[in-house]
Amino acid sequence: MQPAIQEYAMSNSQLSEAELKKALGELSGWSIEAGKLHRQYQFKSFVEAFGFMSSLALVAESMGHHPEWFNVYNRVTIDLTTHDAGGITAKDVELARKANQLAPSK
Ligand SMILES: C[C@H](O)[C@H](O)[C@H]1CNC2=NC(N)=NC(=O)C2=N1
């Protein structure tokens, strides 16, 4: 388990184009699709995919920030946006970063 994420006091404003571009440069595998941060992960099995989702769910809950996601067998598709802000914020970038850290590398 990751250490608890303390005090999630990030600003809830949409990132600028420049901020988004910089963030994407540091987020392997992520792109912008339909105005949301988007990535598909493929794992070795359903159990590995679901284990990843379980771990990320706990991170999301501790951040008070929740993904839109879809699982079929060993694939997990994630879309991140901040509903309260109507777009992508630093919280989405942070959750994407955590997702990359939690995904076992093949
Ligand atoms: C009150 C609660 O913290 C808010 O409704 C949170 C919950 N999770 C959330 N998740 C996402 N992705 N966007 C939000 O705006 C959001 N808001």
# chains A, B, ... in the order shown; residues from 1 in each chain; ligands from 1
$ residues_near_ligand --ligand "ligand 1" --cutoff "10 Å" --atoms "only C-alpha atoms and all ligand atoms" --output "list of chain:residue names"
A:Asn12, A:Ala60, A:Glu61, A:Ser62, A:Met63, A:Gly64, A:His65, A:His66, A:Pro67, A:Glu68, A:Asp79, A:Leu80, A:Thr81, A:Thr82, A:His83, A:Asp84, A:Ala85, A:Gly86, A:Gly87, A:Ile88, A:Thr89, A:Lys91, A:Asp92, A:Leu95
$ residues_around --residues "Leu56 in chain A" --least-positions-apart "3" --cutoff "8 Å" --atoms "only C-alpha atoms" --output "list in words"
Phe52, Met53, Val59, Ala60, Lys98, Ala99 and Leu102 of chain A
$ closest_residue --among "A:Ala90, A:Leu58, A:Glu26, A:Tyr73" --to "Ser13 in chain A" --atoms "only C-alpha atoms"
A:Ala90
$ closest_residue --among "A:Arg97, A:Ile78, A:Leu37, A:Ser45" --to "Leu20 in chain A" --atoms "only C-alpha atoms"
A:Leu37
$ select_by_dssp --residues "range 19-106 of chain A" --states "strand (DSSP E)" --output "list in words"
Ser31, Ile32, Glu33, Lys36, Leu37, His38, Arg39, Gln40, Tyr41, Gln42, Glu68, Trp69, Phe70, Asn71, Val72, Arg75, Val76, Thr77, Ile78, Asp79 and Leu80 of chain A
$ residues_around --residues "Gln42 in chain A" --least-positions-apart "3" --cutoff "12 Å" --atoms "only C-alpha atoms" --output "short mmCIF file (atom, residue, chain, number, x, y, z; two decimals) with N, CA and C atoms, in the first residue's frame"
data_model
loop_
_atom_site.label_atom_id
_atom_site.label_comp_id
_atom_site.auth_asym_id
_atom_site.auth_seq_id
_atom_site.Cartn_x
_atom_site.Cartn_y
_atom_site.Cartn_z
N GLY A 29 2.00 7.20 -21.71
CA GLY A 29 0.82 6.44 -22.12
C GLY A 29 -0.48 7.21 -22.10
N ARG A 39 -6.22 6.90 -20.80
CA ARG A 39 -5.23 5.85 -21.04
C ARG A 39 -5.89 4.48 -20.96
N SER A 45 -3.79 -10.60 -16.91
CA SER A 45 -4.98 -11.37 -16.54
C SER A 45 -6.04 -10.45 -15.97
N PHE A 46 -7.23 -10.97 -15.79
CA PHE A 46 -8.31 -10.23 -15.14
C PHE A 46 -7.93 -9.92 -13.69
N VAL A 47 -7.30 -10.89 -13.02
CA VAL A 47 -6.94 -10.69 -11.61
C VAL A 47 -5.96 -9.52 -11.47
N GLU A 48 -5.01 -9.43 -12.38
CA GLU A 48 -4.05 -8.33 -12.33
C GLU A 48 -4.74 -6.99 -12.61
N ALA A 49 -5.65 -6.99 -13.58
CA ALA A 49 -6.39 -5.77 -13.91
C ALA A 49 -7.23 -5.33 -12.71
N PHE A 50 -7.90 -6.29 -12.10
CA PHE A 50 -8.79 -5.94 -10.99
C PHE A 50 -8.00 -5.55 -9.75
N PHE A 52 -5.17 -3.96 -9.81
CA PHE A 52 -4.79 -2.56 -10.11
C PHE A 52 -5.96 -1.63 -9.80
N PHE A 70 -13.41 1.68 -17.17
CA PHE A 70 -14.13 0.59 -17.82
C PHE A 70 -13.18 -0.60 -17.90
N ASN A 71 -13.66 -1.74 -17.48
CA ASN A 71 -12.82 -2.94 -17.47
C ASN A 71 -13.45 -4.04 -18.32
N VAL A 72 -12.67 -4.61 -19.21
CA VAL A 72 -13.06 -5.84 -19.89
C VAL A 72 -11.89 -6.81 -19.75
N TYR A 73 -12.11 -7.92 -19.08
CA TYR A 73 -11.09 -8.95 -18.88
C TYR A 73 -9.77 -8.34 -18.37
N ASN A 74 -8.74 -8.27 -19.22
CA ASN A 74 -7.43 -7.78 -18.74
C ASN A 74 -7.15 -6.33 -19.12
N ARG A 75 -8.17 -5.63 -19.62
CA ARG A 75 -7.98 -4.24 -20.03
C ARG A 75 -8.74 -3.29 -19.10
N VAL A 76 -8.10 -2.17 -18.80
CA VAL A 76 -8.74 -1.12 -18.00
C VAL A 76 -8.57 0.20 -18.75
N THR A 77 -9.68 0.82 -19.09
CA THR A 77 -9.66 2.11 -19.77
C THR A 77 -10.06 3.18 -18.76
N ILE A 78 -9.25 4.22 -18.67
CA ILE A 78 -9.51 5.27 -17.68
C ILE A 78 -9.64 6.63 -18.36
N ALA A 103 0.48 0.49 -11.86
CA ALA A 103 0.37 -0.51 -12.92
C ALA A 103 1.66 -1.32 -12.98
N PRO A 104 1.57 -2.65 -12.83
CA PRO A 104 2.78 -3.45 -12.96
C PRO A 104 3.35 -3.31 -14.37
N SER A 105 4.64 -3.09 -14.48
CA SER A 105 5.21 -2.97 -15.82
C SER A 105 5.42 -4.37 -16.38
N LYS A 106 5.08 -4.51 -17.66
CA LYS A 106 5.07 -5.84 -18.30
C LYS A 106 6.47 -6.39 -18.51
#
$ atom_distance --atom1 "CA of Glu19 in chain A" --atom2 "CA of Glu94 in chain A"
13.0 Å
$ atom_distance --atom1 "CA of Ser11 in chain A" --atom2 "CA of Tyr41 in chain A"
27.8 Å
$ select_by_dssp --residues "range 21-64 of chain A" --states "helix (DSSP H, G or I)" --output "list in words"
Lys21, Lys22, Ala23, Leu24, Gly25, Phe46, Val47, Glu48, Ala49, Phe50, Gly51, Phe52, Met53, Ser54, Ser55, Leu56, Ala57, Leu58, Val59, Ala60, Glu61, Ser62 and Met63 of chain A
$ write_last_selection --atoms "N, CA, C and O atoms" --output "PDB file, in the first residue's frame"
ATOM      1  N   LYS A  21       0.102  20.402 -21.487  1.00  0.00           N
ATOM      2  CA  LYS A  21       1.138  19.884 -22.371  1.00  0.00           C
ATOM      3  C   LYS A  21       2.338  19.397 -21.553  1.00  0.00           C
ATOM      4  O   LYS A  21       2.885  18.322 -21.795  1.00  0.00           O
ATOM      5  N   LYS A  22       2.721  20.179 -20.564  1.00  0.00           N
ATOM      6  CA  LYS A  22       3.836  19.818 -19.705  1.00  0.00           C
ATOM      7  C   LYS A  22       3.518  18.527 -18.938  1.00  0.00           C
ATOM      8  O   LYS A  22       4.331  17.611 -18.871  1.00  0.00           O
ATOM      9  N   ALA A  23       2.298  18.458 -18.398  1.00  0.00           N
ATOM     10  CA  ALA A  23       1.890  17.280 -17.626  1.00  0.00           C
ATOM     11  C   ALA A  23       1.910  16.030 -18.502  1.00  0.00           C
ATOM     12  O   ALA A  23       2.387  14.969 -18.094  1.00  0.00           O
ATOM     13  N   LEU A  24       1.406  16.162 -19.735  1.00  0.00           N
ATOM     14  CA  LEU A  24       1.356  15.013 -20.649  1.00  0.00           C
ATOM     15  C   LEU A  24       2.753  14.495 -20.967  1.00  0.00           C
ATOM     16  O   LEU A  24       2.951  13.291 -21.132  1.00  0.00           O
ATOM     17  N   GLY A  25       3.703  15.411 -21.038  1.00  0.00           N
ATOM     18  CA  GLY A  25       5.086  15.022 -21.307  1.00  0.00           C
ATOM     19  C   GLY A  25       5.668  14.136 -20.219  1.00  0.00           C
ATOM     20  O   GLY A  25       6.624  13.404 -20.452  1.00  0.00           O
ATOM     21  N   PHE A  46      -7.233 -10.973 -15.795  1.00  0.00           N
ATOM     22  CA  PHE A  46      -8.307 -10.230 -15.139  1.00  0.00           C
ATOM     23  C   PHE A  46      -7.927  -9.923 -13.694  1.00  0.00           C
ATOM     24  O   PHE A  46      -8.186  -8.816 -13.196  1.00  0.00           O
ATOM     25  N   VAL A  47      -7.301 -10.889 -13.017  1.00  0.00           N
ATOM     26  CA  VAL A  47      -6.942 -10.688 -11.609  1.00  0.00           C
ATOM     27  C   VAL A  47      -5.960  -9.524 -11.467  1.00  0.00           C
ATOM     28  O   VAL A  47      -6.090  -8.695 -10.559  1.00  0.00           O
ATOM     29  N   GLU A  48      -5.007  -9.431 -12.384  1.00  0.00           N
ATOM     30  CA  GLU A  48      -4.045  -8.331 -12.330  1.00  0.00           C
ATOM     31  C   GLU A  48      -4.744  -6.990 -12.606  1.00  0.00           C
ATOM     32  O   GLU A  48      -4.473  -5.990 -11.936  1.00  0.00           O
ATOM     33  N   ALA A  49      -5.647  -6.991 -13.579  1.00  0.00           N
ATOM     34  CA  ALA A  49      -6.389  -5.766 -13.909  1.00  0.00           C
ATOM     35  C   ALA A  49      -7.235  -5.327 -12.711  1.00  0.00           C
ATOM     36  O   ALA A  49      -7.246  -4.148 -12.339  1.00  0.00           O
ATOM     37  N   PHE A  50      -7.899  -6.292 -12.100  1.00  0.00           N
ATOM     38  CA  PHE A  50      -8.793  -5.943 -10.993  1.00  0.00           C
ATOM     39  C   PHE A  50      -8.001  -5.551  -9.751  1.00  0.00           C
ATOM     40  O   PHE A  50      -8.430  -4.674  -8.986  1.00  0.00           O
ATOM     41  N   GLY A  51      -6.836  -6.163  -9.567  1.00  0.00           N
ATOM     42  CA  GLY A  51      -5.966  -5.775  -8.457  1.00  0.00           C
ATOM     43  C   GLY A  51      -5.526  -4.327  -8.597  1.00  0.00           C
ATOM     44  O   GLY A  51      -5.543  -3.552  -7.630  1.00  0.00           O
ATOM     45  N   PHE A  52      -5.168  -3.962  -9.814  1.00  0.00           N
ATOM     46  CA  PHE A  52      -4.791  -2.564 -10.115  1.00  0.00           C
ATOM     47  C   PHE A  52      -5.959  -1.625  -9.795  1.00  0.00           C
ATOM     48  O   PHE A  52      -5.781  -0.583  -9.148  1.00  0.00           O
ATOM     49  N   MET A  53      -7.148  -2.009 -10.226  1.00  0.00           N
ATOM     50  CA  MET A  53      -8.319  -1.156  -9.979  1.00  0.00           C
ATOM     51  C   MET A  53      -8.594  -1.016  -8.479  1.00  0.00           C
ATOM     52  O   MET A  53      -8.922   0.067  -7.997  1.00  0.00           O
ATOM     53  N   SER A  54      -8.420  -2.117  -7.751  1.00  0.00           N
ATOM     54  CA  SER A  54      -8.655  -2.067  -6.297  1.00  0.00           C
ATOM     55  C   SER A  54      -7.678  -1.109  -5.633  1.00  0.00           C
ATOM     56  O   SER A  54      -8.066  -0.301  -4.774  1.00  0.00           O
ATOM     57  N   SER A  55      -6.412  -1.194  -6.014  1.00  0.00           N
ATOM     58  CA  SER A  55      -5.400  -0.307  -5.429  1.00  0.00           C
ATOM     59  C   SER A  55      -5.683   1.144  -5.784  1.00  0.00           C
ATOM     60  O   SER A  55      -5.616   2.033  -4.926  1.00  0.00           O
ATOM     61  N   LEU A  56      -6.009   1.386  -7.056  1.00  0.00           N
ATOM     62  CA  LEU A  56      -6.247   2.765  -7.488  1.00  0.00           C
ATOM     63  C   LEU A  56      -7.533   3.318  -6.874  1.00  0.00           C
ATOM     64  O   LEU A  56      -7.632   4.515  -6.608  1.00  0.00           O
ATOM     65  N   ALA A  57      -8.497   2.436  -6.629  1.00  0.00           N
ATOM     66  CA  ALA A  57      -9.753   2.875  -5.987  1.00  0.00           C
ATOM     67  C   ALA A  57      -9.463   3.460  -4.606  1.00  0.00           C
ATOM     68  O   ALA A  57     -10.059   4.473  -4.213  1.00  0.00           O
ATOM     69  N   LEU A  58      -8.536   2.846  -3.870  1.00  0.00           N
ATOM     70  CA  LEU A  58      -8.200   3.345  -2.527  1.00  0.00           C
ATOM     71  C   LEU A  58      -7.492   4.691  -2.607  1.00  0.00           C
ATOM     72  O   LEU A  58      -7.741   5.584  -1.793  1.00  0.00           O
ATOM     73  N   VAL A  59      -6.627   4.837  -3.602  1.00  0.00           N
ATOM     74  CA  VAL A  59      -5.956   6.123  -3.818  1.00  0.00           C
ATOM     75  C   VAL A  59      -7.003   7.188  -4.161  1.00  0.00           C
ATOM     76  O   VAL A  59      -7.010   8.290  -3.601  1.00  0.00           O
ATOM     77  N   ALA A  60      -7.910   6.837  -5.082  1.00  0.00           N
ATOM     78  CA  ALA A  60      -8.953   7.777  -5.524  1.00  0.00           C
ATOM     79  C   ALA A  60      -9.803   8.225  -4.333  1.00  0.00           C
ATOM     80  O   ALA A  60     -10.082   9.418  -4.162  1.00  0.00           O
ATOM     81  N   GLU A  61     -10.179   7.268  -3.509  1.00  0.00           N
ATOM     82  CA  GLU A  61     -11.019   7.592  -2.354  1.00  0.00           C
ATOM     83  C   GLU A  61     -10.278   8.517  -1.390  1.00  0.00           C
ATOM     84  O   GLU A  61     -10.860   9.463  -0.863  1.00  0.00           O
ATOM     85  N   SER A  62      -8.986   8.243  -1.190  1.00  0.00           N
ATOM     86  CA  SER A  62      -8.225   9.092  -0.262  1.00  0.00           C
ATOM     87  C   SER A  62      -8.038  10.504  -0.813  1.00  0.00           C
ATOM     88  O   SER A  62      -7.881  11.454  -0.055  1.00  0.00           O
ATOM     89  N   MET A  63      -8.067  10.629  -2.155  1.00  0.00           N
ATOM     90  CA  MET A  63      -7.970  11.954  -2.780  1.00  0.00           C
ATOM     91  C   MET A  63      -9.333  12.640  -2.868  1.00  0.00           C
ATOM     92  O   MET A  63      -9.403  13.819  -3.198  1.00  0.00           O
TER      93      MET A  63
END
$ closest_residue --among "A:Gln101, A:Lys44, A:Glu17, A:Met10" --to "Ile32 in chain A" --atoms "only C-alpha atoms"
A:Glu17
